[in-house]
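Everything below belongs to target_35.cif, which stores mmCIF, C-alpha atoms.
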```
data_protein
#
loop_
_atom_site.label_atom_id
_atom_site.label_comp_id
_atom_site.auth_asym_id
_atom_site.auth_seq_id
_atom_site.Cartn_x
_atom_site.Cartn_y
_atom_site.Cartn_z
CA MET A 1 3.63 14.04 26.72
CA LYS A 2 2.35 10.83 28.34
CA ALA A 3 -1.11 10.15 26.96
CA VAL A 4 -3.58 11.05 24.22
CA ILE A 5 -7.24 10.82 25.30
CA VAL A 6 -9.99 10.15 22.77
CA LEU A 7 -12.53 12.77 23.85
CA SER A 8 -16.04 12.73 22.37
CA GLY A 9 -17.67 15.02 24.91
CA GLY A 10 -19.70 12.20 26.45
CA GLN A 11 -19.72 10.79 29.98
CA ASP A 12 -17.15 8.04 29.39
CA SER A 13 -14.51 10.06 27.61
CA ALA A 14 -14.88 13.06 29.94
CA THR A 15 -14.40 10.84 33.01
CA SER A 16 -11.38 9.18 31.42
CA LEU A 17 -9.87 12.61 30.67
CA ALA A 18 -10.29 13.61 34.32
CA LEU A 19 -8.67 10.35 35.40
CA ALA A 20 -5.69 10.82 33.08
CA VAL A 21 -5.21 14.42 34.24
CA LYS A 22 -5.28 13.24 37.85
CA ARG A 23 -2.63 10.61 37.08
CA TYR A 24 -0.22 12.62 34.92
CA GLY A 25 -1.15 16.29 35.27
CA ALA A 26 -2.82 18.38 32.55
CA LYS A 27 0.46 19.28 30.83
CA GLU A 28 1.28 15.63 30.12
CA VAL A 29 -2.10 14.90 28.57
CA ALA A 30 -3.45 15.73 25.10
CA ALA A 31 -7.01 15.31 23.81
CA ILE A 32 -8.21 14.29 20.35
CA THR A 33 -11.79 14.79 19.13
CA PHE A 34 -13.27 13.47 15.87
CA THR A 35 -16.00 14.78 13.63
CA TYR A 36 -17.59 12.46 11.08
CA SER A 37 -20.94 14.07 10.24
CA GLN A 38 -22.42 12.57 13.41
CA ARG A 39 -25.94 13.85 14.03
CA HIS A 40 -25.00 15.09 17.51
CA ALA A 41 -22.05 17.18 16.28
CA ILE A 42 -22.76 19.60 19.12
CA GLU A 43 -20.77 17.15 21.30
CA VAL A 44 -17.60 18.55 19.69
CA GLU A 45 -18.26 21.94 21.30
CA TYR A 46 -18.75 20.27 24.67
CA ALA A 47 -15.50 18.35 24.15
CA ARG A 48 -13.74 21.69 23.63
CA LYS A 49 -15.17 23.06 26.87
CA LEU A 50 -14.35 19.88 28.82
CA ALA A 51 -10.68 19.92 27.79
CA LYS A 52 -10.44 23.55 28.93
CA ARG A 53 -12.30 22.69 32.16
CA PHE A 54 -9.65 20.08 33.00
CA GLY A 55 -6.76 22.33 31.93
CA VAL A 56 -5.75 20.33 28.85
CA GLU A 57 -4.34 22.75 26.28
CA ASN A 58 -3.17 20.40 23.56
CA HIS A 59 -6.45 19.47 21.85
CA ASN A 60 -6.59 18.22 18.27
CA PHE A 61 -9.84 18.27 16.26
CA VAL A 62 -9.70 15.75 13.44
CA SER A 63 -12.26 15.67 10.68
CA LEU A 64 -13.06 12.21 9.32
CA ASP A 65 -15.28 13.66 6.59
CA PHE A 66 -14.64 10.73 4.29
CA TYR A 67 -16.73 8.45 6.48
CA SER A 68 -19.98 8.98 4.62
CA SER A 69 -18.27 7.91 1.37
CA ILE A 70 -17.60 4.38 2.65
CA THR A 71 -20.57 3.51 4.87
CA GLU A 72 -24.12 4.42 5.90
CA ASN A 73 -25.76 4.43 9.32
CA ALA A 74 -28.38 6.15 11.40
CA LEU A 75 -25.83 8.17 13.39
CA MET A 76 -24.61 9.96 10.29
CA SER A 77 -28.02 10.27 8.61
CA LYS A 78 -30.95 12.06 10.22
CA ASP A 79 -33.37 10.25 7.90
CA ARG A 80 -32.76 6.88 9.52
CA ALA A 81 -34.16 5.82 12.88
CA ILE A 82 -31.88 4.53 15.64
CA LYS A 83 -33.21 1.10 16.56
CA LYS A 84 -32.12 -2.52 16.98
CA ILE A 85 -31.05 -4.49 13.91
CA LYS A 86 -32.66 -7.95 13.78
CA GLY A 87 -30.14 -10.77 14.18
CA SER A 88 -27.33 -8.41 15.18
CA SER A 89 -25.96 -7.22 18.52
CA CYS A 90 -25.75 -3.69 17.04
CA PRO A 91 -28.32 -0.94 16.69
CA THR A 92 -28.61 1.01 13.40
CA SER A 93 -26.45 3.75 14.93
CA VAL A 94 -23.32 1.59 14.49
CA VAL A 95 -20.56 3.48 12.64
CA GLU A 96 -18.57 0.59 11.16
CA GLY A 97 -14.98 0.56 12.40
CA ARG A 98 -15.26 3.88 14.23
CA ASN A 99 -13.12 2.97 17.23
CA SER A 100 -10.53 1.47 14.93
CA PHE A 101 -10.19 4.81 13.07
CA PHE A 102 -10.18 6.75 16.36
CA LEU A 103 -7.51 4.59 18.00
CA LEU A 104 -5.30 4.47 14.92
CA SER A 105 -5.47 8.25 14.40
CA ALA A 106 -4.87 8.91 18.09
CA SER A 107 -1.86 6.56 18.04
CA VAL A 108 -0.33 8.17 14.95
CA TRP A 109 -0.64 11.56 16.65
CA ALA A 110 0.67 10.12 19.95
CA LYS A 111 3.82 8.93 18.14
CA LYS A 112 4.34 12.45 16.78
CA LEU A 113 4.00 13.85 20.33
CA GLY A 114 6.26 11.16 21.81
CA ALA A 115 3.42 9.69 23.90
CA THR A 116 2.91 5.93 24.28
CA GLU A 117 -0.58 5.78 25.82
CA VAL A 118 -3.93 6.22 24.10
CA TRP A 119 -6.98 6.26 26.39
CA THR A 120 -10.51 5.39 25.36
CA GLY A 121 -13.69 5.23 27.44
CA VAL A 122 -15.09 2.05 25.87
CA SER A 123 -16.71 -0.60 28.05
CA GLU A 124 -17.97 -4.09 27.44
CA ALA A 125 -19.90 -4.26 30.72
CA ASP A 126 -22.71 -1.79 29.98
CA TYR A 127 -22.54 -1.16 26.27
CA SER A 128 -24.60 -0.65 23.18
CA GLY A 129 -23.56 -3.85 21.40
CA TYR A 130 -20.87 -2.33 19.16
CA PRO A 131 -18.20 -4.97 18.44
CA ASP A 132 -15.37 -2.43 18.59
CA CYS A 133 -15.99 -1.81 22.31
CA ARG A 134 -14.95 -5.29 23.38
CA GLU A 135 -11.66 -6.12 25.07
CA LYS A 136 -10.65 -8.71 22.48
CA PHE A 137 -10.97 -6.05 19.77
CA ILE A 138 -8.91 -3.55 21.80
CA LYS A 139 -6.10 -6.08 22.36
CA SER A 140 -5.96 -6.96 18.67
CA GLN A 141 -6.06 -3.27 17.71
CA GLN A 142 -3.15 -2.51 20.04
CA ARG A 143 -1.05 -5.28 18.50
CA THR A 144 -1.91 -4.09 14.97
CA ILE A 145 -0.99 -0.47 15.74
CA ARG A 146 2.32 -1.52 17.34
CA LEU A 147 3.19 -3.47 14.18
CA ALA A 148 2.07 -0.67 11.85
CA LEU A 149 3.87 2.15 13.65
CA GLU A 150 6.76 0.33 15.34
CA TRP A 151 5.88 2.33 18.42
CA PRO A 152 4.99 0.83 21.84
CA ILE A 153 1.42 2.12 22.06
CA LYS A 154 -0.62 1.00 25.04
CA ILE A 155 -4.39 1.37 24.68
CA VAL A 156 -5.72 2.21 28.15
CA THR A 157 -9.39 1.35 28.81
CA PRO A 158 -10.16 2.31 32.42
CA PHE A 159 -13.87 1.43 32.12
CA MET A 160 -13.66 -1.82 30.15
CA HIS A 161 -15.20 -3.84 33.00
CA MET A 162 -17.09 -1.07 34.80
CA THR A 163 -20.84 -0.58 34.68
CA LYS A 164 -22.25 2.90 34.06
CA ALA A 165 -23.21 3.02 37.76
CA GLN A 166 -19.57 2.35 38.71
CA GLU A 167 -18.45 5.11 36.32
CA TRP A 168 -20.79 7.56 38.03
CA ALA A 169 -19.39 6.49 41.41
CA LEU A 170 -15.86 7.11 40.10
CA ALA A 171 -16.83 10.61 38.91
CA ASP A 172 -18.20 11.22 42.40
CA GLU A 173 -14.89 10.07 43.98
CA LEU A 174 -12.94 12.32 41.59
CA GLY A 175 -15.07 15.28 42.69
CA ILE A 176 -16.40 15.88 39.18
CA LEU A 177 -19.91 14.46 39.46
CA GLU A 178 -21.61 17.76 38.63
CA ILE A 179 -19.39 18.36 35.60
CA ILE A 180 -20.15 14.91 34.20
CA GLU A 181 -23.86 15.31 35.01
CA ASN A 182 -24.31 18.74 33.46
CA GLU A 183 -21.49 19.40 31.00
CA THR A 184 -21.27 16.20 28.95
CA VAL A 185 -23.51 15.03 26.13
CA THR A 186 -24.23 11.35 25.53
CA CYS A 187 -27.67 11.77 23.90
CA TYR A 188 -27.99 10.83 20.22
CA ASN A 189 -30.18 13.92 19.85
CA GLY A 190 -27.37 16.13 21.15
CA ILE A 191 -29.16 17.31 24.30
CA LEU A 192 -26.78 18.18 27.15
CA GLY A 193 -26.76 16.40 30.51
CA LYS A 194 -29.80 14.18 31.10
CA GLY A 195 -30.51 14.35 27.34
CA CYS A 196 -33.76 13.41 25.61
CA GLY A 197 -34.16 10.49 27.99
CA LYS A 198 -35.52 8.29 25.22
CA CYS A 199 -32.67 7.31 22.88
CA PRO A 200 -30.62 4.15 23.68
CA ALA A 201 -27.60 6.20 24.85
CA CYS A 202 -29.74 8.22 27.27
CA ARG A 203 -31.44 5.14 28.64
CA LEU A 204 -28.09 3.48 29.36
CA ARG A 205 -26.66 6.62 30.97
CA ASN A 206 -29.73 7.45 33.05
CA ALA A 207 -30.31 3.88 34.27
CA GLY A 208 -26.68 3.82 35.46
CA TYR A 209 -27.15 7.14 37.21
CA ARG A 210 -30.24 5.94 39.07
CA GLU A 211 -28.42 2.75 40.11
CA PHE A 212 -25.46 4.81 41.37
CA LEU A 213 -27.74 7.13 43.37
CA SER A 214 -29.63 4.29 45.00
CA LYS A 215 -26.39 2.50 45.95
CA ARG A 216 -24.93 5.69 47.37
CA LYS A 217 -28.10 6.26 49.40
CA SER A 218 -28.04 2.73 50.84
CA GLN A 219 -24.36 3.12 51.81
CA ARG A 220 -24.89 6.32 53.75
CA MET B 1 -19.28 -7.92 -5.48
CA LYS B 2 -16.32 -10.14 -4.60
CA ALA B 3 -13.35 -7.87 -3.92
CA VAL B 4 -12.28 -4.28 -3.24
CA ILE B 5 -8.83 -3.42 -4.61
CA VAL B 6 -6.72 -0.69 -3.03
CA LEU B 7 -5.56 1.15 -6.16
CA SER B 8 -2.89 3.85 -5.90
CA GLY B 9 -2.03 4.06 -9.57
CA GLY B 10 1.39 2.45 -9.08
CA GLN B 11 2.86 -0.75 -10.47
CA ASP B 12 1.86 -3.02 -7.59
CA SER B 13 -1.76 -1.98 -7.23
CA ALA B 14 -2.35 -1.85 -11.01
CA THR B 15 -1.03 -5.40 -11.40
CA SER B 16 -3.17 -6.61 -8.51
CA LEU B 17 -6.24 -4.98 -10.08
CA ALA B 18 -5.56 -6.82 -13.34
CA LEU B 19 -5.14 -10.07 -11.44
CA ALA B 20 -8.42 -9.61 -9.55
CA VAL B 21 -10.28 -8.77 -12.76
CA LYS B 22 -8.86 -11.89 -14.38
CA ARG B 23 -10.03 -14.00 -11.43
CA TYR B 24 -13.52 -12.57 -10.86
CA GLY B 25 -14.38 -10.44 -13.89
CA ALA B 26 -14.57 -6.63 -13.88
CA LYS B 27 -18.17 -6.50 -12.62
CA GLU B 28 -17.28 -8.34 -9.41
CA VAL B 29 -14.40 -6.02 -8.58
CA ALA B 30 -14.42 -2.50 -7.11
CA ALA B 31 -11.47 -0.12 -6.72
CA ILE B 32 -10.73 2.35 -3.92
CA THR B 33 -8.19 5.17 -4.22
CA PHE B 34 -7.02 7.46 -1.42
CA THR B 35 -5.82 11.04 -1.41
CA TYR B 36 -3.93 12.36 1.59
CA SER B 37 -2.03 15.41 0.30
CA GLN B 38 0.64 13.10 -1.13
CA ARG B 39 3.16 15.02 -3.23
CA HIS B 40 2.54 12.80 -6.23
CA ALA B 41 -1.25 13.35 -6.22
CA ILE B 42 -1.19 12.97 -9.98
CA GLU B 43 -1.21 9.21 -9.31
CA VAL B 44 -4.92 9.56 -8.52
CA GLU B 45 -5.62 10.52 -12.14
CA TYR B 46 -3.67 7.51 -13.34
CA ALA B 47 -5.63 5.32 -10.94
CA ARG B 48 -8.83 6.60 -12.55
CA LYS B 49 -7.56 5.72 -16.01
CA LEU B 50 -6.31 2.29 -14.91
CA ALA B 51 -9.67 1.29 -13.44
CA LYS B 52 -11.35 2.27 -16.72
CA ARG B 53 -8.65 0.45 -18.70
CA PHE B 54 -9.46 -2.79 -16.85
CA GLY B 55 -13.23 -2.23 -17.09
CA VAL B 56 -13.83 -1.59 -13.37
CA GLU B 57 -16.74 0.81 -13.03
CA ASN B 58 -17.22 0.92 -9.27
CA HIS B 59 -14.38 3.20 -8.19
CA ASN B 60 -14.44 5.12 -4.92
CA PHE B 61 -12.14 8.11 -4.30
CA VAL B 62 -11.67 8.69 -0.59
CA SER B 63 -10.07 11.80 0.77
CA LEU B 64 -8.02 11.31 3.94
CA ASP B 65 -7.44 15.06 4.29
CA PHE B 66 -7.09 14.81 8.04
CA TYR B 67 -3.75 13.05 7.71
CA SER B 68 -1.65 16.19 7.88
CA SER B 69 -3.30 17.10 11.20
CA ILE B 70 -1.91 14.02 12.97
CA THR B 71 1.53 13.42 11.44
CA GLU B 72 4.35 14.87 9.32
CA ASN B 73 6.47 13.25 6.64
CA ALA B 74 8.34 13.95 3.45
CA LEU B 75 5.64 12.40 1.25
CA MET B 76 3.08 14.96 2.37
CA SER B 77 5.46 17.92 2.52
CA LYS B 78 7.43 19.14 -0.45
CA ASP B 79 9.87 20.98 1.86
CA ARG B 80 11.29 17.76 3.25
CA ALA B 81 13.75 15.51 1.43
CA ILE B 82 13.05 11.80 0.97
CA LYS B 83 16.01 9.97 2.47
CA LYS B 84 16.90 7.25 4.95
CA ILE B 85 16.24 7.84 8.65
CA LYS B 86 19.22 6.90 10.83
CA GLY B 87 18.51 3.94 13.09
CA SER B 88 15.22 3.12 11.35
CA SER B 89 14.24 0.76 8.56
CA CYS B 90 12.04 3.53 7.11
CA PRO B 91 12.84 6.48 4.88
CA THR B 92 11.42 9.95 5.68
CA SER B 93 8.61 9.30 3.18
CA VAL B 94 6.89 6.97 5.67
CA VAL B 95 3.24 7.93 6.20
CA GLU B 96 2.59 6.50 9.65
CA GLY B 97 -0.18 3.90 9.62
CA ARG B 98 -1.11 4.51 5.99
CA ASN B 99 -1.87 0.90 5.07
CA SER B 100 -3.84 0.50 8.26
CA PHE B 101 -6.13 3.40 7.24
CA PHE B 102 -6.35 2.10 3.66
CA LEU B 103 -7.23 -1.46 4.64
CA LEU B 104 -9.72 -0.41 7.29
CA SER B 105 -11.49 2.04 4.95
CA ALA B 106 -11.51 -0.50 2.12
CA SER B 107 -12.96 -3.13 4.47
CA VAL B 108 -15.72 -0.84 5.76
CA TRP B 109 -16.69 -0.11 2.16
CA ALA B 110 -16.40 -3.80 1.22
CA LYS B 111 -18.90 -4.66 3.96
CA LYS B 112 -21.32 -2.10 2.54
CA LEU B 113 -20.92 -3.69 -0.92
CA GLY B 114 -21.23 -7.23 0.46
CA ALA B 115 -17.64 -8.11 -0.55
CA THR B 116 -15.36 -10.13 1.72
CA GLU B 117 -11.97 -9.62 0.03
CA VAL B 118 -9.71 -6.59 0.14
CA TRP B 119 -6.63 -6.72 -2.09
CA THR B 120 -3.43 -4.76 -1.56
CA GLY B 121 -0.20 -4.78 -3.54
CA VAL B 122 2.17 -4.71 -0.56
CA SER B 123 5.29 -6.87 -0.52
CA GLU B 124 7.89 -7.68 2.08
CA ALA B 125 10.34 -9.15 -0.44
CA ASP B 126 11.40 -5.98 -2.27
CA TYR B 127 10.13 -3.12 -0.19
CA SER B 128 10.95 0.32 1.10
CA GLY B 129 11.21 -0.65 4.77
CA TYR B 130 7.71 0.43 5.78
CA PRO B 131 6.53 -1.73 8.71
CA ASP B 132 2.94 -1.83 7.45
CA CYS B 133 3.98 -3.81 4.37
CA ARG B 134 5.00 -6.90 6.31
CA GLU B 135 2.96 -10.09 6.47
CA LYS B 136 2.78 -10.12 10.27
CA PHE B 137 1.18 -6.67 10.15
CA ILE B 138 -1.32 -7.76 7.47
CA LYS B 139 -2.38 -10.82 9.51
CA SER B 140 -2.88 -8.76 12.64
CA GLN B 141 -4.77 -6.09 10.66
CA GLN B 142 -7.09 -8.72 9.19
CA ARG B 143 -7.90 -10.09 12.65
CA THR B 144 -8.52 -6.59 14.01
CA ILE B 145 -10.86 -5.66 11.14
CA ARG B 146 -12.82 -8.90 11.54
CA LEU B 147 -13.32 -8.15 15.23
CA ALA B 148 -14.22 -4.49 14.60
CA LEU B 149 -16.71 -5.12 11.79
CA GLU B 150 -17.91 -8.65 12.55
CA TRP B 151 -17.45 -9.33 8.88
CA PRO B 152 -15.22 -12.11 7.41
CA ILE B 153 -12.76 -9.87 5.57
CA LYS B 154 -9.82 -11.58 3.91
CA ILE B 155 -6.89 -9.34 3.05
CA VAL B 156 -5.39 -10.68 -0.16
CA THR B 157 -1.71 -9.86 -0.81
CA PRO B 158 -0.71 -11.52 -4.10
CA PHE B 159 2.79 -9.99 -4.08
CA MET B 160 3.73 -10.44 -0.42
CA HIS B 161 6.62 -12.77 -1.25
CA MET B 162 7.32 -11.66 -4.82
CA THR B 163 10.25 -9.52 -5.88
CA LYS B 164 9.67 -6.58 -8.23
CA ALA B 165 11.24 -8.66 -11.03
CA GLN B 166 8.66 -11.41 -10.40
CA GLU B 167 5.88 -8.80 -10.49
CA TRP B 168 7.09 -7.60 -13.87
CA ALA B 169 7.14 -11.20 -15.11
CA LEU B 170 3.55 -11.63 -13.89
CA ALA B 171 2.46 -8.50 -15.76
CA ASP B 172 4.10 -9.99 -18.85
CA GLU B 173 2.18 -13.28 -18.38
CA LEU B 174 -1.07 -11.34 -17.94
CA GLY B 175 -0.41 -9.53 -21.22
CA ILE B 176 -0.36 -6.10 -19.56
CA LEU B 177 3.36 -5.38 -19.52
CA GLU B 178 3.06 -2.23 -21.62
CA ILE B 179 0.22 -0.86 -19.53
CA ILE B 180 2.20 -1.34 -16.32
CA GLU B 181 5.33 0.08 -17.95
CA ASN B 182 3.75 3.19 -19.41
CA GLU B 183 0.49 3.92 -17.61
CA THR B 184 1.36 3.56 -13.93
CA VAL B 185 3.20 6.00 -11.68
CA THR B 186 5.42 4.82 -8.85
CA CYS B 187 7.79 7.81 -8.78
CA TYR B 188 7.71 10.08 -5.69
CA ASN B 189 8.01 12.99 -8.10
CA GLY B 190 4.86 11.93 -9.92
CA ILE B 191 6.53 11.17 -13.27
CA LEU B 192 4.72 8.49 -15.29
CA GLY B 193 6.30 5.20 -16.32
CA LYS B 194 10.08 5.06 -15.80
CA GLY B 195 9.78 8.12 -13.53
CA CYS B 196 12.59 10.41 -12.40
CA GLY B 197 14.84 7.38 -12.04
CA LYS B 198 16.43 8.80 -8.90
CA CYS B 199 13.95 8.57 -6.02
CA PRO B 200 13.90 5.36 -3.91
CA ALA B 201 10.61 4.20 -5.49
CA CYS B 202 12.00 4.57 -9.03
CA ARG B 203 15.22 2.80 -8.14
CA LEU B 204 13.32 -0.19 -6.74
CA ARG B 205 10.97 -0.33 -9.71
CA ASN B 206 13.63 0.10 -12.38
CA ALA B 207 16.11 -2.36 -10.81
CA GLY B 208 13.32 -4.96 -10.78
CA TYR B 209 12.52 -4.20 -14.40
CA ARG B 210 16.12 -4.68 -15.49
CA GLU B 211 16.33 -7.95 -13.55
CA PHE B 212 13.11 -9.16 -15.22
CA LEU B 213 14.39 -8.25 -18.68
CA SER B 214 17.72 -10.00 -18.21
CA LYS B 215 16.01 -13.15 -16.88
CA ARG B 216 13.56 -13.15 -19.77
CA LYS B 217 16.41 -12.77 -22.22
CA SER B 218 18.38 -15.68 -20.71
CA GLN B 219 15.25 -17.89 -20.80
CA ARG B 220 14.63 -17.33 -24.48
#
```
Take the structure I supplied and represent it as structure tokens, if you would.
Amino acid sequence: MKAVIVLSGGQDSATSLALAVKRYGAKEVAAITFTYSQRHAIEVEYARKLAKRFGVENHNFVSLDFYSSITENALMSKDRAIKKIKGSSCPTSVVEGRNSFFLLSASVWAKKLGATEVWTGVSEADYSGYPDCREKFIKSQQRTIRLALEWPIKIVTPFMHMTKAQEWALADELGILEIIENETVTCYNGILGKGCGKCPACRLRNAGYREFLSKRKSQR
Amino acid sequence: MKAVIVLSGGQDSATSLALAVKRYGAKEVAAITFTYSQRHAIEVEYARKLAKRFGVENHNFVSLDFYSSITENALMSKDRAIKKIKGSSCPTSVVEGRNSFFLLSASVWAKKLGATEVWTGVSEADYSGYPDCREKFIKSQQRTIRLALEWPIKIVTPFMHMTKAQEWALADELGILEIIENETVTCYNGILGKGCGKCPACRLRNAGYREFLSKRKSQR
């Protein structure tokens, strides 16, 4: 096994799964999906379908149920609105330390499988302001995991410096544009594809899509 | 709230809890205890009693049930013997990344409580060979958590460079020697106090105790 892909069922992780499968073949790739009482838990079902779609058979579903016992946020509580926090780069949907838990769990499992790569679809170019999407966090996390596990994990972030529009163009190149468009869920309200169109995640995704379409049009 | 103490119910964490309570007072200290299908789960009950003993009321029990879905080891499986692994510094009881999960969870909760310190009883002087007990891991973990949470967490490790004998002497100074002797569980077989006397954790603990006693005797 070469790589473990953190797969949420959203645009970024689905595109990174396709990229990893193209590089190594589906048999050398495993997927890991987390549940943590997120309000759009339906994404887990889409993650299951996406892994099958790309031929990835080794798919681990890991339940981080403890999360609500250590923190509170609007993503895990339907009573709270998702909006900007004054004086912070983060919206109220921030799940404190989420990527740290994801990457650590994925790395522990990768070591068990004999894999040394963990892929994540995070980006600091077009992002929601979460601190654990930035490259300096990822580099520090990689060093920490290597020290903790004594295992040469490499955290692969293919989209770190790509805009959403560039990610859409990549999906187009990979021949999976329609899958990403129609079979992934990014929306905080759990609505497939274009989503509700109103939440911050939808706005980011849809603005990127429009930018990609207009660039593609002007190039033709 | 000043500090969150990772409390397993063993000698190290119980002594560090007493130390934190002495420094800040019981009202400024919270305890966090983890379950992860460890074979000596009885330690959780001792952790509960220890927190009460030292007057700490804010005690969070966090269940890391997912652990067995990402890794295997002798601590979480009664079918496997605890022994040295050839060519590794670790015994088979290693729970991959355990301290990383503990410190991250404790830090996320600390942020919610408004605390900036997380205490852990790890030591690299007299230790079992686990890589996530070393100071270079702790420093890297602290940096990673700060970046992930944007919160000025300080990981406090009072015993990093203390031997077990020195820890026993500290318990004596704090006036809690009998509590640590009789009300903590370090043994992999879950036996209180002196334990089974045969497992690696008991041997380390009991050798340190004998060394402490003989030094104390020679000083008197």
Exercise. Near segment 17-22 of chain A, within 7 Å and counting all atoms listed in the file, which residues show up once chain neighbours fewer than 6 positions away are dropped, as a PyMOL selection string?
Worked result: chain A and resi 5+29+54
Same residues, C-alpha atoms, output as a short mmCIF file (atom, residue, chain, number, x, y, z; two decimals), in the coordinates of the input:
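Here's the written file again_27.cif:
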```cif
data_model
loop_
_atom_site.label_atom_id
_atom_site.label_comp_id
_atom_site.auth_asym_id
_atom_site.auth_seq_id
_atom_site.Cartn_x
_atom_site.Cartn_y
_atom_site.Cartn_z
CA ILE A 5 -7.24 10.82 25.30
CA VAL A 29 -2.10 14.90 28.57
CA PHE A 54 -9.65 20.08 33.00
#
```
Given the PyMOL selection byres ((chain A and resi 191) around 12), the residues it picks as a PDB file with C-alpha atoms, keeping the file's coordinate frame:
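New file part.pdb:
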```
ATOM      1  CA  GLY A   9     -17.670  15.020  24.910  1.00  0.00           C
ATOM      2  CA  GLY A  10     -19.700  12.200  26.450  1.00  0.00           C
ATOM      3  CA  ARG A  39     -25.940  13.850  14.030  1.00  0.00           C
ATOM      4  CA  HIS A  40     -25.000  15.090  17.510  1.00  0.00           C
ATOM      5  CA  ALA A  41     -22.050  17.180  16.280  1.00  0.00           C
ATOM      6  CA  ILE A  42     -22.760  19.600  19.120  1.00  0.00           C
ATOM      7  CA  GLU A  43     -20.770  17.150  21.300  1.00  0.00           C
ATOM      8  CA  TYR A  46     -18.750  20.270  24.670  1.00  0.00           C
ATOM      9  CA  ASN A 182     -24.310  18.740  33.460  1.00  0.00           C
ATOM     10  CA  GLU A 183     -21.490  19.400  31.000  1.00  0.00           C
ATOM     11  CA  THR A 184     -21.270  16.200  28.950  1.00  0.00           C
ATOM     12  CA  VAL A 185     -23.510  15.030  26.130  1.00  0.00           C
ATOM     13  CA  THR A 186     -24.230  11.350  25.530  1.00  0.00           C
ATOM     14  CA  CYS A 187     -27.670  11.770  23.900  1.00  0.00           C
ATOM     15  CA  TYR A 188     -27.990  10.830  20.220  1.00  0.00           C
ATOM     16  CA  ASN A 189     -30.180  13.920  19.850  1.00  0.00           C
ATOM     17  CA  GLY A 190     -27.370  16.130  21.150  1.00  0.00           C
ATOM     18  CA  LEU A 192     -26.780  18.180  27.150  1.00  0.00           C
ATOM     19  CA  GLY A 193     -26.760  16.400  30.510  1.00  0.00           C
ATOM     20  CA  LYS A 194     -29.800  14.180  31.100  1.00  0.00           C
ATOM     21  CA  GLY A 195     -30.510  14.350  27.340  1.00  0.00           C
ATOM     22  CA  CYS A 196     -33.760  13.410  25.610  1.00  0.00           C
ATOM     23  CA  GLY A 197     -34.160  10.490  27.990  1.00  0.00           C
ATOM     24  CA  LYS A 198     -35.520   8.290  25.220  1.00  0.00           C
ATOM     25  CA  CYS A 199     -32.670   7.310  22.880  1.00  0.00           C
ATOM     26  CA  ALA A 201     -27.600   6.200  24.850  1.00  0.00           C
ATOM     27  CA  CYS A 202     -29.740   8.220  27.270  1.00  0.00           C
TER      28      CYS A 202
END
```
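Taking atom CA of Ser77 of chain A as the reference point, atom CA of Val62 of chain B is found at 18.8 Å.
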Please tabulate, as a tab-separated table, the residues of chain A that come within 6 Å of chain B, each with its closest pair of atoms and the distance in Å to one decimal, counting only C-alpha atoms and ordering rows by chain, then residue number upward.
```
residue	atom	partner	partner_atom	distance
A:Ser63	CA	B:Phe66	CA	5.9
A:Phe66	CA	B:Ser63	CA	5.9
A:Ile70	CA	B:Trp109	CA	4.6
A:Thr71	CA	B:Trp109	CA	6.0
A:Gly97	CA	B:Ala148	CA	5.6
A:Trp109	CA	B:Ile70	CA	4.6
A:Pro131	CA	B:Ala148	CA	5.6
A:Asp132	CA	B:Ala148	CA	4.6
A:Phe137	CA	B:Leu147	CA	5.5
A:Ser140	CA	B:Thr144	CA	5.3
A:Gln141	CA	B:Thr144	CA	5.5
A:Thr144	CA	B:Ser140	CA	5.3
A:Leu147	CA	B:Phe137	CA	5.5
A:Ala148	CA	B:Asp132	CA	4.6
A:Leu149	CA	B:Gly97	CA	6.0
```
Exercise. What is the atom CA of Ile180 of chain B to atom CA of Ser16 of chain B distance in Å?
Worked result: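 We find that atom CA of Ile180 of chain B and atom CA of Ser16 of chain B lie 10.8 Å from each other.
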Which residues, written as a short mmCIF file (atom, residue, chain, number, x, y, z; two decimals) with C-alpha atoms, keeping the file's coordinate frame, have at least one atom at most 7 Å from Val56 of chain B, with all atoms listed in the file counted and residues fewer than 2 positions away on the same chain left out?
```
data_model
loop_
_atom_site.label_atom_id
_atom_site.label_comp_id
_atom_site.auth_asym_id
_atom_site.auth_seq_id
_atom_site.Cartn_x
_atom_site.Cartn_y
_atom_site.Cartn_z
CA ALA B 26 -14.57 -6.63 -13.88
CA LYS B 27 -18.17 -6.50 -12.62
CA VAL B 29 -14.40 -6.02 -8.58
CA ALA B 30 -14.42 -2.50 -7.11
CA ALA B 51 -9.67 1.29 -13.44
CA LYS B 52 -11.35 2.27 -16.72
CA PHE B 54 -9.46 -2.79 -16.85
CA ASN B 58 -17.22 0.92 -9.27
#
```
